[in-house]
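Content type PDB, C-alpha atoms, from the file data_1.pdb:
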ATOM      1  CA  MET A1232    -101.035 102.567  30.283
ATOM      2  CA  LYS A1233    -100.540 101.598  33.909
ATOM      3  CA  MET A1234     -98.960  98.225  34.432
ATOM      4  CA  PRO A1235    -101.350  95.837  36.182
ATOM      5  CA  GLN A1236    -100.607  93.849  39.308
ATOM      6  CA  PHE A1237    -100.166  90.156  38.505
ATOM      7  CA  THR A1238    -102.626  88.982  41.148
ATOM      8  CA  TRP A1239    -105.886  88.628  39.190
ATOM      9  CA  ALA A1240    -105.964  87.263  35.629
ATOM     10  CA  PRO A1241    -109.127  89.069  34.402
ATOM     11  CA  ALA A1242    -107.597  92.441  35.331
ATOM     12  CA  VAL A1243    -104.446  91.613  33.394
ATOM     13  CA  TYR A1244    -106.461  90.351  30.421
ATOM     14  CA  ARG A1245    -108.245  93.714  30.146
ATOM     15  CA  GLN A1246    -104.854  95.403  29.727
ATOM     16  CA  LEU A1247    -104.048  93.430  26.574
ATOM     17  CA  ASN A1248    -104.953  96.197  24.142
ATOM     18  CA  GLY A1249    -102.576  98.131  21.927
ATOM     19  CA  LEU A1250     -99.827  97.741  19.375
ATOM     20  CA  LEU A1251     -97.259  94.978  19.700
ATOM     21  CA  CYS A1252     -93.867  95.069  17.986
ATOM     22  CA  VAL A1253     -92.312  91.619  17.514
ATOM     23  CA  TYR A1254     -89.349  90.190  15.628
ATOM     24  CA  LYS A1255     -90.467  87.522  13.192
ATOM     25  CA  PRO A1256     -87.865  84.763  12.757
ATOM     26  CA  ALA A1257     -87.087  83.401   9.317
ATOM     27  CA  GLY A1258     -88.731  80.082   8.504
ATOM     28  CA  LEU A1259     -91.793  80.765  10.688
ATOM     29  CA  PRO A1260     -95.048  81.757   8.941
ATOM     30  CA  VAL A1261     -96.740  84.859  10.303
ATOM     31  CA  MET A1262     -99.986  83.079  11.200
ATOM     32  CA  GLU A1263     -98.122  80.349  13.072
ATOM     33  CA  MET A1264     -96.161  83.036  14.936
ATOM     34  CA  LEU A1265     -99.417  84.708  16.017
ATOM     35  CA  GLU A1266    -100.770  81.366  17.227
ATOM     36  CA  ARG A1267     -97.646  80.872  19.352
ATOM     37  CA  ILE A1268     -98.099  84.306  20.903
ATOM     38  CA  LYS A1269    -101.739  83.493  21.683
ATOM     39  CA  PHE A1270    -100.690  80.206  23.274
ATOM     40  CA  SER A1271     -98.097  81.986  25.443
ATOM     41  CA  LEU A1272    -100.639  84.564  26.602
ATOM     42  CA  ALA A1273    -103.195  81.894  27.483
ATOM     43  CA  ARG A1274    -100.579  79.827  29.321
ATOM     44  CA  ASP A1275     -99.291  82.739  31.416
ATOM     45  CA  LEU A1276    -102.762  84.047  32.243
ATOM     46  CA  ASN A1277    -103.916  80.613  33.362
ATOM     47  CA  GLU A1278    -101.020  80.487  35.812
ATOM     48  CA  LEU A1279    -102.568  83.480  37.588
ATOM     49  CA  PRO A1280    -105.638  83.249  39.843
ATOM     50  CA  CYS A1281    -108.626  83.163  37.497
ATOM     51  CA  TYR A1282    -111.447  82.233  39.874
ATOM     52  CA  LYS A1283    -112.612  83.621  43.202
ATOM     53  CA  VAL A1284    -111.568  80.552  45.144
ATOM     54  CA  GLU A1285    -108.021  80.956  43.813
ATOM     55  CA  SER A1286    -108.008  84.655  44.657
ATOM     56  CA  GLN A1287    -108.814  83.790  48.253
ATOM     57  CA  MET A1288    -105.977  81.295  48.248
ATOM     58  CA  ARG A1289    -103.587  83.903  46.820
ATOM     59  CA  LYS A1290    -104.438  86.348  49.613
ATOM     60  CA  LYS A1291    -103.457  83.730  52.140
ATOM     61  CA  ASP A1292    -100.205  83.035  50.254
ATOM     62  CA  PRO A1293     -98.781  86.385  49.067
ATOM     63  CA  ALA A1294     -95.532  84.707  47.990
ATOM     64  CA  ALA A1295     -97.293  83.118  45.047
ATOM     65  CA  ASP A1296     -96.501  84.819  41.728
ATOM     66  CA  LEU A1297     -96.741  84.443  37.990
ATOM     67  CA  GLY A1298     -95.099  81.242  36.849
ATOM     68  CA  MET A1299     -96.006  79.284  40.018
ATOM     69  CA  PRO A1300     -98.938  76.886  39.476
ATOM     70  CA  MET A1301    -101.834  77.162  41.895
ATOM     71  CA  VAL A1302    -102.200  74.211  44.309
ATOM     72  CA  LEU A1303    -105.456  74.327  46.245
ATOM     73  CA  ASP A1304    -106.236  72.404  49.379
ATOM     74  CA  THR A1305    -109.597  70.905  48.470
ATOM     75  CA  SER A1306    -109.970  69.427  51.968
ATOM     76  CA  SER A1307    -110.419  72.899  53.454
ATOM     77  CA  PRO A1308    -114.103  73.577  54.284
ATOM     78  CA  ALA A1309    -113.770  77.199  53.188
ATOM     79  CA  LEU A1310    -112.673  76.153  49.726
ATOM     80  CA  THR A1311    -115.207  73.393  49.181
ATOM     81  CA  GLU A1312    -118.270  75.577  49.712
ATOM     82  CA  ASP A1313    -118.496  76.449  46.015
ATOM     83  CA  MET A1314    -116.712  73.733  44.063
ATOM     84  CA  LEU A1315    -118.526  74.775  40.892
ATOM     85  CA  GLU A1316    -115.967  77.553  40.520
ATOM     86  CA  HIS A1317    -112.982  75.260  40.982
ATOM     87  CA  ARG A1318    -110.423  75.103  38.158
ATOM     88  CA  LEU A1319    -110.694  71.331  38.072
ATOM     89  CA  VAL A1320    -114.404  71.721  37.314
ATOM     90  CA  LEU A1321    -114.385  74.678  34.917
ATOM     91  CA  GLY A1322    -111.013  73.997  33.307
ATOM     92  CA  GLN A1323    -108.583  76.648  32.091
ATOM     93  CA  ARG A1324    -110.234  80.049  31.858
ATOM     94  CA  TYR A1325    -108.272  81.306  28.818
ATOM     95  CA  ILE A1326    -107.672  79.613  25.486
ATOM     96  CA  PRO A1327    -105.719  80.947  22.464
ATOM     97  CA  SER A1328    -108.895  81.900  20.589
ATOM     98  CA  ASP A1329    -109.713  84.454  23.322
ATOM     99  CA  PHE A1330    -107.039  86.797  21.947
ATOM    100  CA  ASN A1331    -107.530  88.958  18.863
ATOM    101  CA  LEU A1332    -104.303  89.584  16.930
ATOM    102  CA  LYS A1333    -104.012  91.302  13.565
ATOM    103  CA  HIS A1334    -100.777  92.144  11.756
ATOM    104  CA  ILE A1335     -99.955  94.786   9.169
ATOM    105  CA  HIS A1336     -97.698  94.415   6.120
ATOM    106  CA  GLY A1337     -96.671  90.852   6.844
ATOM    107  CA  LEU A1338     -93.469  89.077   5.893
ATOM    108  CA  ARG A1339     -92.956  85.930   3.862
ATOM    109  CA  ARG A1340     -92.125  82.679   5.606
ATOM    110  CA  HIS A1341     -88.397  82.840   4.888
ATOM    111  CA  SER A1342     -88.150  86.569   5.662
ATOM    112  CA  SER A1343     -87.527  88.050   9.079
ATOM    113  CA  GLY A1344     -87.636  91.336  10.913
ATOM    114  CA  VAL A1345     -89.921  93.873  12.569
ATOM    115  CA  LEU A1346     -93.635  93.070  12.477
ATOM    116  CA  LEU A1347     -96.420  95.182  13.991
ATOM    117  CA  VAL A1348     -99.409  93.408  15.519
ATOM    118  CA  GLY A1349    -102.631  94.922  16.836
ATOM    119  CA  VAL A1350    -103.863  93.328  20.061
ATOM    120  CA  GLY A1351    -107.430  93.389  21.397
ATOM    121  CA  LYS A1352    -109.698  96.363  20.850
ATOM    122  CA  TYR A1353    -107.014  98.655  19.492
ATOM    123  CA  ARG A1354    -106.409  96.926  16.191
ATOM    124  CA  ASP A1355    -107.535 100.185  14.554
ATOM    125  CA  SER A1356    -104.077 101.526  15.385
ATOM    126  CA  LEU A1357    -102.838  99.490  12.425
ATOM    127  CA  ASP A1358    -105.119 101.465  10.115
ATOM    128  CA  LEU A1359    -103.544 104.699  11.358
ATOM    129  CA  LEU A1360    -100.088 103.333  10.621
ATOM    130  CA  ALA A1361    -101.176 102.171   7.163
ATOM    131  CA  MET A1362    -102.510 105.630   6.329
ATOM    132  CA  SER A1363     -99.246 107.194   7.529
ATOM    133  CA  ARG A1364     -97.385 105.207   4.823
ATOM    134  CA  TYR A1365     -94.175 104.963   6.781
ATOM    135  CA  LEU A1366     -90.878 103.970   5.222
ATOM    136  CA  ARG A1367     -89.785 100.394   5.736
ATOM    137  CA  VAL A1368     -86.082  99.589   5.745
ATOM    138  CA  TYR A1369     -84.804  96.216   4.581
ATOM    139  CA  HIS A1370     -81.538  94.383   4.188
ATOM    140  CA  VAL A1371     -81.859  92.188   1.117
ATOM    141  CA  LYS A1372     -79.174  89.555   0.644
ATOM    142  CA  GLY A1373     -78.292  88.100  -2.733
ATOM    143  CA  ARG A1374     -75.822  85.672  -4.251
ATOM    144  CA  PHE A1375     -74.382  85.800  -7.732
ATOM    145  CA  GLY A1376     -73.789  82.786  -9.907
ATOM    146  CA  TRP A1377     -77.023  80.856  -9.840
ATOM    147  CA  ALA A1378     -80.740  81.171 -10.505
ATOM    148  CA  THR A1379     -83.803  79.235  -9.329
ATOM    149  CA  ASN A1380     -87.186  78.591 -10.892
ATOM    150  CA  ASN A1381     -89.086  80.728  -8.327
ATOM    151  CA  PHE A1382     -86.384  83.359  -7.566
ATOM    152  CA  SER A1383     -85.985  82.101  -3.966
ATOM    153  CA  PRO A1384     -83.115  80.098  -2.429
ATOM    154  CA  LYS A1385     -85.525  77.224  -1.760
ATOM    155  CA  GLY A1386     -86.350  76.823  -5.450
ATOM    156  CA  LYS A1387     -84.866  74.426  -7.973
ATOM    157  CA  ILE A1388     -81.551  75.579  -9.453
ATOM    158  CA  ILE A1389     -82.033  76.052 -13.184
ATOM    159  CA  GLU A1390     -78.865  77.920 -14.175
ATOM    160  CA  ARG A1391     -75.298  78.529 -13.057
ATOM    161  CA  THR A1392     -73.163  81.352 -14.415
ATOM    162  CA  SER A1393     -69.817  83.025 -13.816
ATOM    163  CA  TYR A1394     -69.693  86.084 -11.579
ATOM    164  CA  ARG A1395     -66.001  86.950 -11.162
ATOM    165  CA  HIS A1396     -66.385  89.938 -13.485
ATOM    166  CA  VAL A1397     -68.859  91.644 -11.106
ATOM    167  CA  THR A1398     -67.317  94.493  -9.092
ATOM    168  CA  PRO A1399     -68.735  96.840  -6.419
ATOM    169  CA  ILE A1400     -68.605  99.748  -8.883
ATOM    170  CA  LYS A1401     -70.682  97.873 -11.469
ATOM    171  CA  LEU A1402     -73.189  96.846  -8.822
ATOM    172  CA  ASP A1403     -73.470 100.416  -7.512
ATOM    173  CA  LYS A1404     -74.239 101.679 -11.021
ATOM    174  CA  VAL A1405     -77.063  99.176 -11.433
ATOM    175  CA  VAL A1406     -78.682  99.877  -8.067
ATOM    176  CA  ALA A1407     -78.334 103.638  -8.653
ATOM    177  CA  SER A1408     -80.248 103.296 -11.912
ATOM    178  CA  ILE A1409     -82.966 101.328 -10.108
ATOM    179  CA  GLN A1410     -83.256 104.042  -7.475
ATOM    180  CA  SER A1411     -83.413 106.864 -10.011
ATOM    181  CA  SER A1412     -86.093 105.094 -12.060
ATOM    182  CA  HIS A1413     -88.284 104.836  -8.956
ATOM    183  CA  LEU A1414     -87.681 108.422  -7.875
ATOM    184  CA  ARG A1415     -88.823 109.654 -11.299
ATOM    185  CA  ASN A1416     -92.262 108.189 -10.580
ATOM    186  CA  THR A1417     -92.750 109.613  -7.089
ATOM    187  CA  PHE A1418     -94.985 112.518  -8.156
ATOM    188  CA  HIS A1419     -96.960 110.297 -10.505
ATOM    189  CA  TYR A1420     -97.816 107.844  -7.710
ATOM    190  CA  ALA A1421     -98.470 110.758  -5.349
ATOM    191  CA  GLY A1422    -101.248 111.858  -7.696
ATOM    192  CA  VAL A1423     -99.862 115.289  -8.663
ATOM    193  CA  ASP A1424     -98.367 116.836 -11.782
ATOM    194  CA  PRO A1425     -94.564 117.016 -11.357
ATOM    195  CA  HIS A1426     -94.539 120.499 -12.931
ATOM    196  CA  SER A1427     -97.335 121.943 -10.765
ATOM    197  CA  GLN A1428     -97.306 124.122  -7.676
ATOM    198  CA  ALA A1429     -98.808 121.224  -5.721
ATOM    199  CA  ALA A1430     -95.769 119.092  -6.561
ATOM    200  CA  TYR A1431     -93.421 121.839  -5.360
ATOM    201  CA  ARG A1432     -95.349 122.205  -2.112
ATOM    202  CA  LEU A1433     -95.412 118.441  -1.612
ATOM    203  CA  ALA A1434     -91.656 118.161  -2.175
ATOM    204  CA  SER A1435     -90.934 121.018   0.239
ATOM    205  CA  GLU A1436     -92.787 119.193   2.999
ATOM    206  CA  GLY A1437     -90.427 116.225   2.869
ATOM    207  CA  LEU A1438     -90.656 112.717   1.473
ATOM    208  CA  VAL A1439     -93.077 112.402  -1.453
ATOM    209  CA  ARG A1440     -95.254 109.431  -0.603
ATOM    210  CA  PRO A1441     -97.715 107.444  -2.738
ATOM    211  CA  VAL A1442    -101.324 108.551  -2.567
ATOM    212  CA  ASP A1443    -102.378 105.209  -1.052
ATOM    213  CA  GLY A1444    -101.179 101.696  -0.335
ATOM    214  CA  HIS A1445    -102.208 100.258  -3.701
ATOM    215  CA  THR A1446     -99.517 101.779  -5.916
ATOM    216  CA  PRO A1447     -96.524  99.807  -7.217
ATOM    217  CA  PRO A1448     -93.522  99.573  -4.868
ATOM    218  CA  MET A1449     -91.597 102.813  -4.381
ATOM    219  CA  LEU A1450     -87.865 102.535  -3.620
ATOM    220  CA  TYR A1451     -86.454 105.764  -2.197
ATOM    221  CA  SER A1452     -82.955 104.475  -1.503
ATOM    222  CA  VAL A1453     -81.058 101.431  -2.748
ATOM    223  CA  LYS A1454     -77.462 101.006  -1.603
ATOM    224  CA  CYS A1455     -74.991  98.159  -1.439
ATOM    225  CA  VAL A1456     -73.773  97.901   2.166
ATOM    226  CA  HIS A1457     -71.833  94.640   1.842
ATOM    227  CA  PHE A1458     -70.008  93.077  -1.092
ATOM    228  CA  GLN A1459     -67.988  89.887  -0.936
ATOM    229  CA  LEU A1460     -68.374  87.667  -3.965
ATOM    230  CA  PRO A1461     -70.558  85.824  -4.512
ATOM    231  CA  ASP A1462     -72.625  87.435  -1.746
ATOM    232  CA  PHE A1463     -73.885  91.002  -1.439
ATOM    233  CA  THR A1464     -76.366  92.932   0.714
ATOM    234  CA  LEU A1465     -78.588  95.840  -0.314
ATOM    235  CA  GLU A1466     -80.150  98.325   2.071
ATOM    236  CA  ILE A1467     -83.514  99.417   0.690
ATOM    237  CA  HIS A1468     -85.890 102.142   1.919
ATOM    238  CA  SER A1469     -89.305 101.595   0.422
ATOM    239  CA  ILE A1470     -93.084 101.964   0.618
ATOM    240  CA  ASN A1471     -95.758  99.577  -0.721
ATOM    241  CA  GLU A1472     -93.180  96.857  -1.266
ATOM    242  CA  GLN A1473     -93.518  93.079  -1.122
ATOM    243  CA  CYS A1474     -90.866  90.466  -0.389
ATOM    244  CA  ASP A1475     -91.568  88.873  -3.773
ATOM    245  CA  TYR A1476     -90.654  92.152  -5.443
ATOM    246  CA  PHE A1477     -87.203  92.087  -3.858
ATOM    247  CA  GLN A1478     -86.620  88.550  -5.126
ATOM    248  CA  HIS A1479     -87.436  89.576  -8.685
ATOM    249  CA  MET A1480     -85.290  92.699  -8.324
ATOM    250  CA  VAL A1481     -82.232  90.684  -7.260
ATOM    251  CA  HIS A1482     -82.768  88.391 -10.243
ATOM    252  CA  ASP A1483     -82.901  91.401 -12.596
ATOM    253  CA  ILE A1484     -79.717  92.829 -11.070
ATOM    254  CA  GLY A1485     -77.907  89.606 -11.901
ATOM    255  CA  LEU A1486     -79.081  89.747 -15.509
ATOM    256  CA  GLN A1487     -78.015  93.392 -15.899
ATOM    257  CA  LEU A1488     -74.541  92.430 -14.693
ATOM    258  CA  LYS A1489     -74.282  89.649 -17.308
ATOM    259  CA  SER A1490     -74.693  86.988 -14.658
ATOM    260  CA  THR A1491     -77.449  85.552 -12.492
ATOM    261  CA  ALA A1492     -78.381  86.190  -8.877
ATOM    262  CA  VAL A1493     -80.849  84.850  -6.337
ATOM    263  CA  CYS A1494     -82.236  86.469  -3.196
ATOM    264  CA  THR A1495     -81.009  84.561  -0.134
ATOM    265  CA  GLY A1496     -82.657  86.611   2.612
ATOM    266  CA  VAL A1497     -84.926  89.556   3.373
ATOM    267  CA  ARG A1498     -84.805  91.231   6.775
ATOM    268  CA  ARG A1499     -86.901  94.236   7.824
ATOM    269  CA  LEU A1500     -84.914  96.505  10.120
ATOM    270  CA  ARG A1501     -87.359  99.340  10.610
ATOM    271  CA  TYR A1502     -91.026 100.146  10.196
ATOM    272  CA  GLY A1503     -91.451 103.886  10.608
ATOM    273  CA  HIS A1504     -90.377 104.699  14.164
ATOM    274  CA  PHE A1505     -90.288 101.031  15.188
ATOM    275  CA  THR A1506     -86.885  99.342  14.939
ATOM    276  CA  VAL A1507     -85.380  96.007  15.919
ATOM    277  CA  ASP A1508     -84.575  97.529  19.309
ATOM    278  CA  HIS A1509     -88.314  97.686  20.066
ATOM    279  CA  ALA A1510     -89.163  94.207  18.777
ATOM    280  CA  LEU A1511     -89.702  91.207  21.054
ATOM    281  CA  LEU A1512     -87.667  88.110  20.274
ATOM    282  CA  ARG A1513     -89.074  84.594  20.284
ATOM    283  CA  GLN A1514     -88.039  83.951  23.905
ATOM    284  CA  GLN A1515     -89.723  87.213  24.958
ATOM    285  CA  TRP A1516     -93.228  86.256  23.825
ATOM    286  CA  THR A1517     -94.417  86.140  27.451
ATOM    287  CA  LEU A1518     -97.186  87.995  29.270
ATOM    288  CA  ARG A1519     -94.887  90.377  31.144
ATOM    289  CA  ASP A1520     -92.754  91.264  28.120
ATOM    290  CA  ILE A1521     -95.811  91.725  25.901
ATOM    291  CA  LEU A1522     -97.441  94.094  28.390
ATOM    292  CA  ASP A1523     -94.192  96.079  28.638
ATOM    293  CA  ASN A1524     -94.031  96.283  24.852
ATOM    294  CA  LEU A1525     -97.660  97.419  24.600
ATOM    295  CA  GLN A1526     -96.951 100.179  27.088
ATOM    296  CA  HIS A1527     -93.868 101.315  25.189
ATOM    297  CA  SER A1528     -95.673 101.247  21.832
ATOM    298  CA  ALA A1529     -98.550 103.323  23.217
ATOM    299  CA  GLY A1530     -96.176 106.255  23.603
ATOM    300  CA  MET A1531     -95.172 105.939  19.937
ATOM    301  CA  LEU A1532     -98.749 106.240  18.707
ATOM    302  CA  SER A1533     -99.188 109.838  19.809
ATOM    303  CA  PRO A1534    -100.498 112.216  17.096
ATOM    304  CA  HIS A1535     -97.227 114.158  16.774
ATOM    305  CA  LEU A1536     -95.268 110.956  16.171
ATOM    306  CA  LEU A1537     -97.811 109.592  13.699
ATOM    307  CA  ALA A1538     -97.512 112.830  11.755
ATOM    308  CA  ALA A1539     -93.730 113.059  12.156
ATOM    309  CA  GLU A1540     -91.582 112.725   9.062
ATOM    310  CA  ASP A1541     -89.354 109.663   8.868
ATOM    311  CA  THR A1542     -86.425 110.339   6.565
ATOM    312  CA  VAL A1543     -84.197 108.185   4.433
ATOM    313  CA  GLN A1544     -81.020 107.636   6.370
ATOM    314  CA  LYS A1545     -78.523 104.831   6.517
ATOM    315  CA  VAL A1546     -79.431 102.267   9.140
ATOM    316  CA  GLY A1547     -76.074 100.530   9.077
ATOM    317  CA  SER A1548     -75.305  97.103   7.799
ATOM    318  CA  GLY A1549     -75.000  95.499  11.227
ATOM    319  CA  LEU A1550     -72.966  92.745   9.628
ATOM    320  CA  GLU A1551     -70.663  92.542  12.610
ATOM    321  CA  SER A1552     -73.637  91.540  14.800
ATOM    322  CA  GLU A1553     -75.618  89.223  12.523
ATOM    323  CA  ASN A1554     -75.256  86.376  14.995
ATOM    324  CA  HIS A1555     -76.818  88.456  17.758
ATOM    325  CA  GLU A1556     -80.469  87.437  17.886
ATOM    326  CA  GLY A1557     -81.435  90.551  19.779
ATOM    327  CA  LYS A1558     -80.633  92.655  16.710
ATOM    328  CA  LEU A1559     -80.461  91.160  13.257
ATOM    329  CA  ILE A1560     -80.690  87.411  13.446
ATOM    330  CA  GLU A1561     -82.212  85.587  10.514
ATOM    331  CA  GLY A1562     -84.189  83.281  12.757
TER     332      GLY A1562
END
Go ahead and express the file in the form of structure tokens.
Amino acid sequence: MKMPQFTWAPAVYRQLNGLLCVYKPAGLPVMEMLERIKFSLARDLNELPCYKVESQMRKKDPAADLGMPMVLDTSSPALTEDMLEHRLVLGQRYIPSDFNLKHIHGLRRHSSGVLLVGVGKYRDSLDLLAMSRYLRVYHVKGRFGWATNNFSPKGKIIERTSYRHVTPIKLDKVVASIQSSHLRNTFHYAGVDPHSQAAYRLASEGLVRPVDGHTPPMLYSVKCVHFQLPDFTLEIHSINEQCDYFQHMVHDIGLQLKSTAVCTGVRRLRYGHFTVDHALLRQQWTLRDILDNLQHSAGMLSPHLLAAEDTVQKVGSGLESENHEGKLIEG
């Protein structure tokens, strides 16, 4: 996609089609985040010449650029010939409802991480990604010693327990059993007999994926990447998961270790080939950055990448850079 010249708003508006990769901050609902992006797009487009009379003014003042409000000399005879097209008469040309945004596999309000959003006419790209059933990688944080009524850190504390007896070895045994129990069901959710030739052929091709997006969550890898009582962090590679499932899983881990635990944070680090390095931060939700991101994402939607195999590999805890908002900030 060729980058447009920021001299005529309608031409730039027609370029707003594709797949957008953004970083959702914790504490911000997905729908509110999309409304903020729409507001930013409308604001930046309205700062460009939107009407013919403004285009004529821009040609006379080539130094004008995005971010500089248009000031028209209404006393000029050339500009008062057709005042019906003046901004002060017609108002702002773009409003937030002019932009079509649709997300895929959203995140809960208090979760954060990579979120894919379809923009404009190419929202069908999300359907292609959904059918690809890519792995999603999460860092799930938990804390031993207490439990809440809704399994989230915002819930009411209903129980406190001791946790000093929990060790990394005991935790690793529990998460390994969770992983193995999920891997035993891979062929079942893929819709093939585990003892058939089809199962062998499917396994030889790579990761065995569920037949569709309506199966129970499949966890392909569960590892503890940080342990410092009472806190711990799990790195999870999964398909068809939900944030609520992780909260219940952390609660069950606490019970299996003769204690209690609550999920304190869920952060998505990767969605298929899209990582936090591709995602736009809150301060980057501007017209220029969004167009750059759409152009970059277009190259990742090629057929060979959509069909490429994404494997289970350690992403890295990134704990040394948690305060860096460009990578793994909670929001």
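Atom pair atom CA of A:Trp1239 / atom CA of A:Gln1323 has a distance of 14.2 Å (rounded to one decimal).
This file, filtered with the PyMOL selection byres ((chain A and resi 1509) around 10), gives the residues Leu1251, Cys1252, Val1253, Tyr1254, Val1345, Arg1501, His1504, Phe1505, Thr1506, Val1507, Asp1508, Ala1510, Leu1511, Leu1512, Asn1524, His1527, Ser1528, Gly1557 and Lys1558 of chain A.
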Check your understanding: Leaving out A:Val1350 and any residue of its chain fewer than 3 positions from it, which residues lie within 9 Å of it when counting only C-alpha atoms, given as number ranges by chain?
Key -> A: 1247-1251, 1330-1334, 1353-1354, 1525
Point to revise | Nearby residues, (-100.9, 80.6, 25.9) file frame, 12 Å, all atoms listed in the file, as a PyMOL selection string | key: chain A and resi 1265-1278+1323-1330+1516-1518
Just the selected residues (C-alpha atoms), exported as a PDB file, keeping the file's coordinate frame, please.
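Printed below is part11.pdb as written:
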ATOM      1  CA  LEU A1265     -99.417  84.708  16.017  1.00  0.00           C
ATOM      2  CA  GLU A1266    -100.770  81.366  17.227  1.00  0.00           C
ATOM      3  CA  ARG A1267     -97.646  80.872  19.352  1.00  0.00           C
ATOM      4  CA  ILE A1268     -98.099  84.306  20.903  1.00  0.00           C
ATOM      5  CA  LYS A1269    -101.739  83.493  21.683  1.00  0.00           C
ATOM      6  CA  PHE A1270    -100.690  80.206  23.274  1.00  0.00           C
ATOM      7  CA  SER A1271     -98.097  81.986  25.443  1.00  0.00           C
ATOM      8  CA  LEU A1272    -100.639  84.564  26.602  1.00  0.00           C
ATOM      9  CA  ALA A1273    -103.195  81.894  27.483  1.00  0.00           C
ATOM     10  CA  ARG A1274    -100.579  79.827  29.321  1.00  0.00           C
ATOM     11  CA  ASP A1275     -99.291  82.739  31.416  1.00  0.00           C
ATOM     12  CA  LEU A1276    -102.762  84.047  32.243  1.00  0.00           C
ATOM     13  CA  ASN A1277    -103.916  80.613  33.362  1.00  0.00           C
ATOM     14  CA  GLU A1278    -101.020  80.487  35.812  1.00  0.00           C
ATOM     15  CA  GLN A1323    -108.583  76.648  32.091  1.00  0.00           C
ATOM     16  CA  ARG A1324    -110.234  80.049  31.858  1.00  0.00           C
ATOM     17  CA  TYR A1325    -108.272  81.306  28.818  1.00  0.00           C
ATOM     18  CA  ILE A1326    -107.672  79.613  25.486  1.00  0.00           C
ATOM     19  CA  PRO A1327    -105.719  80.947  22.464  1.00  0.00           C
ATOM     20  CA  SER A1328    -108.895  81.900  20.589  1.00  0.00           C
ATOM     21  CA  ASP A1329    -109.713  84.454  23.322  1.00  0.00           C
ATOM     22  CA  PHE A1330    -107.039  86.797  21.947  1.00  0.00           C
ATOM     23  CA  TRP A1516     -93.228  86.256  23.825  1.00  0.00           C
ATOM     24  CA  THR A1517     -94.417  86.140  27.451  1.00  0.00           C
ATOM     25  CA  LEU A1518     -97.186  87.995  29.270  1.00  0.00           C
TER      26      LEU A1518
END
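Under the PyMOL selection byres ((chain A and resi 1240) around 8), the matching residues in the shown file are Phe1237, Thr1238, Trp1239, Pro1241, Ala1242, Val1243, Tyr1244, Leu1276, Asn1277, Leu1279, Pro1280 and Cys1281 of chain A.
The residues caught by the PyMOL selection byres ((chain A and resi 1461) around 10) in this file are A:Gly1373, A:Arg1374, A:Phe1375, A:Gly1376, A:Trp1377, A:Ser1393, A:Tyr1394, A:Arg1395, A:Val1397, A:Phe1458, A:Gln1459, A:Leu1460, A:Asp1462, A:Phe1463, A:Ala1492.
Closest approach to A:Thr1392 among A:Thr1379, A:Ser1490, A:Ser1411, A:Ser1342: A:Ser1490, based on all atoms listed in the file.
The closest residue to A:Gly1503, picked from A:Pro1447, A:Ile1470, A:Leu1433, A:Glu1390 and counting all atoms listed in the file, is A:Ile1470.
From atom CA of A:Thr1464 back to atom CA of A:Met1262, the distance works out to 27.7 Å.
Rounded to one decimal, atom CA of A:Gly1496 and atom CA of A:Lys1372 lie 5.0 Å from each other.
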Exercise for review: Could you give me, as JSON, numbers by chain, the residues within 8 Å of A:Thr1417, counting all atoms listed in the file and dropping anything in the same chain fewer than 4 positions from it?
Suggested key: {"A": [1413, 1421, 1439, 1440, 1441, 1449]}
Review point. Nearest to A:His1457: which of A:Lys1404, A:His1482, A:His1370, A:Lys1385 is it, counting only C-alpha atoms?
Key: A:His1370
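Closest approach to A:Val1405 among A:Gly1344, A:Gly1422, A:Gly1485, A:Gly1258 is made by A:Gly1485 (distances from all atoms listed in the file).
If all atoms listed in the file are the atoms counted, then among A:Arg1513, A:Arg1519, A:His1396, A:His1336 the closest residue to A:Met1264 is A:Arg1513.
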Return the padded bounding box of stretch 1364-1378 of chain A as AutoDock Vina command-line options: axis-aligned, built from all atoms listed in the file, 8 Å added on each side, with centre and edge lengths in Å to one decimal.
--center_x -85.6 --center_y 93.0 --center_z -1.9 --size_x 39.6 --size_y 40.4 --size_z 33.3
Review point. Of the candidates A:Ser1427, A:Thr1398, A:Gln1515, A:Asn1471, which shows the shortest atom-to-atom distance to A:Tyr1365, using all atoms listed in the file?
Key: A:Asn1471
For the point (-95.1, 91.5, 3.8) in file coordinates, what residues are within 10 Å, counting all atoms listed in the file? Give the answer as a PDB file with C-alpha atoms, keeping the file's coordinate frame?
ATOM      1  CA  VAL A1261     -96.740  84.859  10.303  1.00  0.00           C
ATOM      2  CA  HIS A1334    -100.777  92.144  11.756  1.00  0.00           C
ATOM      3  CA  ILE A1335     -99.955  94.786   9.169  1.00  0.00           C
ATOM      4  CA  HIS A1336     -97.698  94.415   6.120  1.00  0.00           C
ATOM      5  CA  GLY A1337     -96.671  90.852   6.844  1.00  0.00           C
ATOM      6  CA  LEU A1338     -93.469  89.077   5.893  1.00  0.00           C
ATOM      7  CA  ARG A1339     -92.956  85.930   3.862  1.00  0.00           C
ATOM      8  CA  ARG A1340     -92.125  82.679   5.606  1.00  0.00           C
ATOM      9  CA  SER A1342     -88.150  86.569   5.662  1.00  0.00           C
ATOM     10  CA  SER A1343     -87.527  88.050   9.079  1.00  0.00           C
ATOM     11  CA  LEU A1346     -93.635  93.070  12.477  1.00  0.00           C
ATOM     12  CA  ASN A1471     -95.758  99.577  -0.721  1.00  0.00           C
ATOM     13  CA  GLU A1472     -93.180  96.857  -1.266  1.00  0.00           C
ATOM     14  CA  GLN A1473     -93.518  93.079  -1.122  1.00  0.00           C
ATOM     15  CA  CYS A1474     -90.866  90.466  -0.389  1.00  0.00           C
ATOM     16  CA  ASP A1475     -91.568  88.873  -3.773  1.00  0.00           C
ATOM     17  CA  ARG A1499     -86.901  94.236   7.824  1.00  0.00           C
TER      18      ARG A1499
END
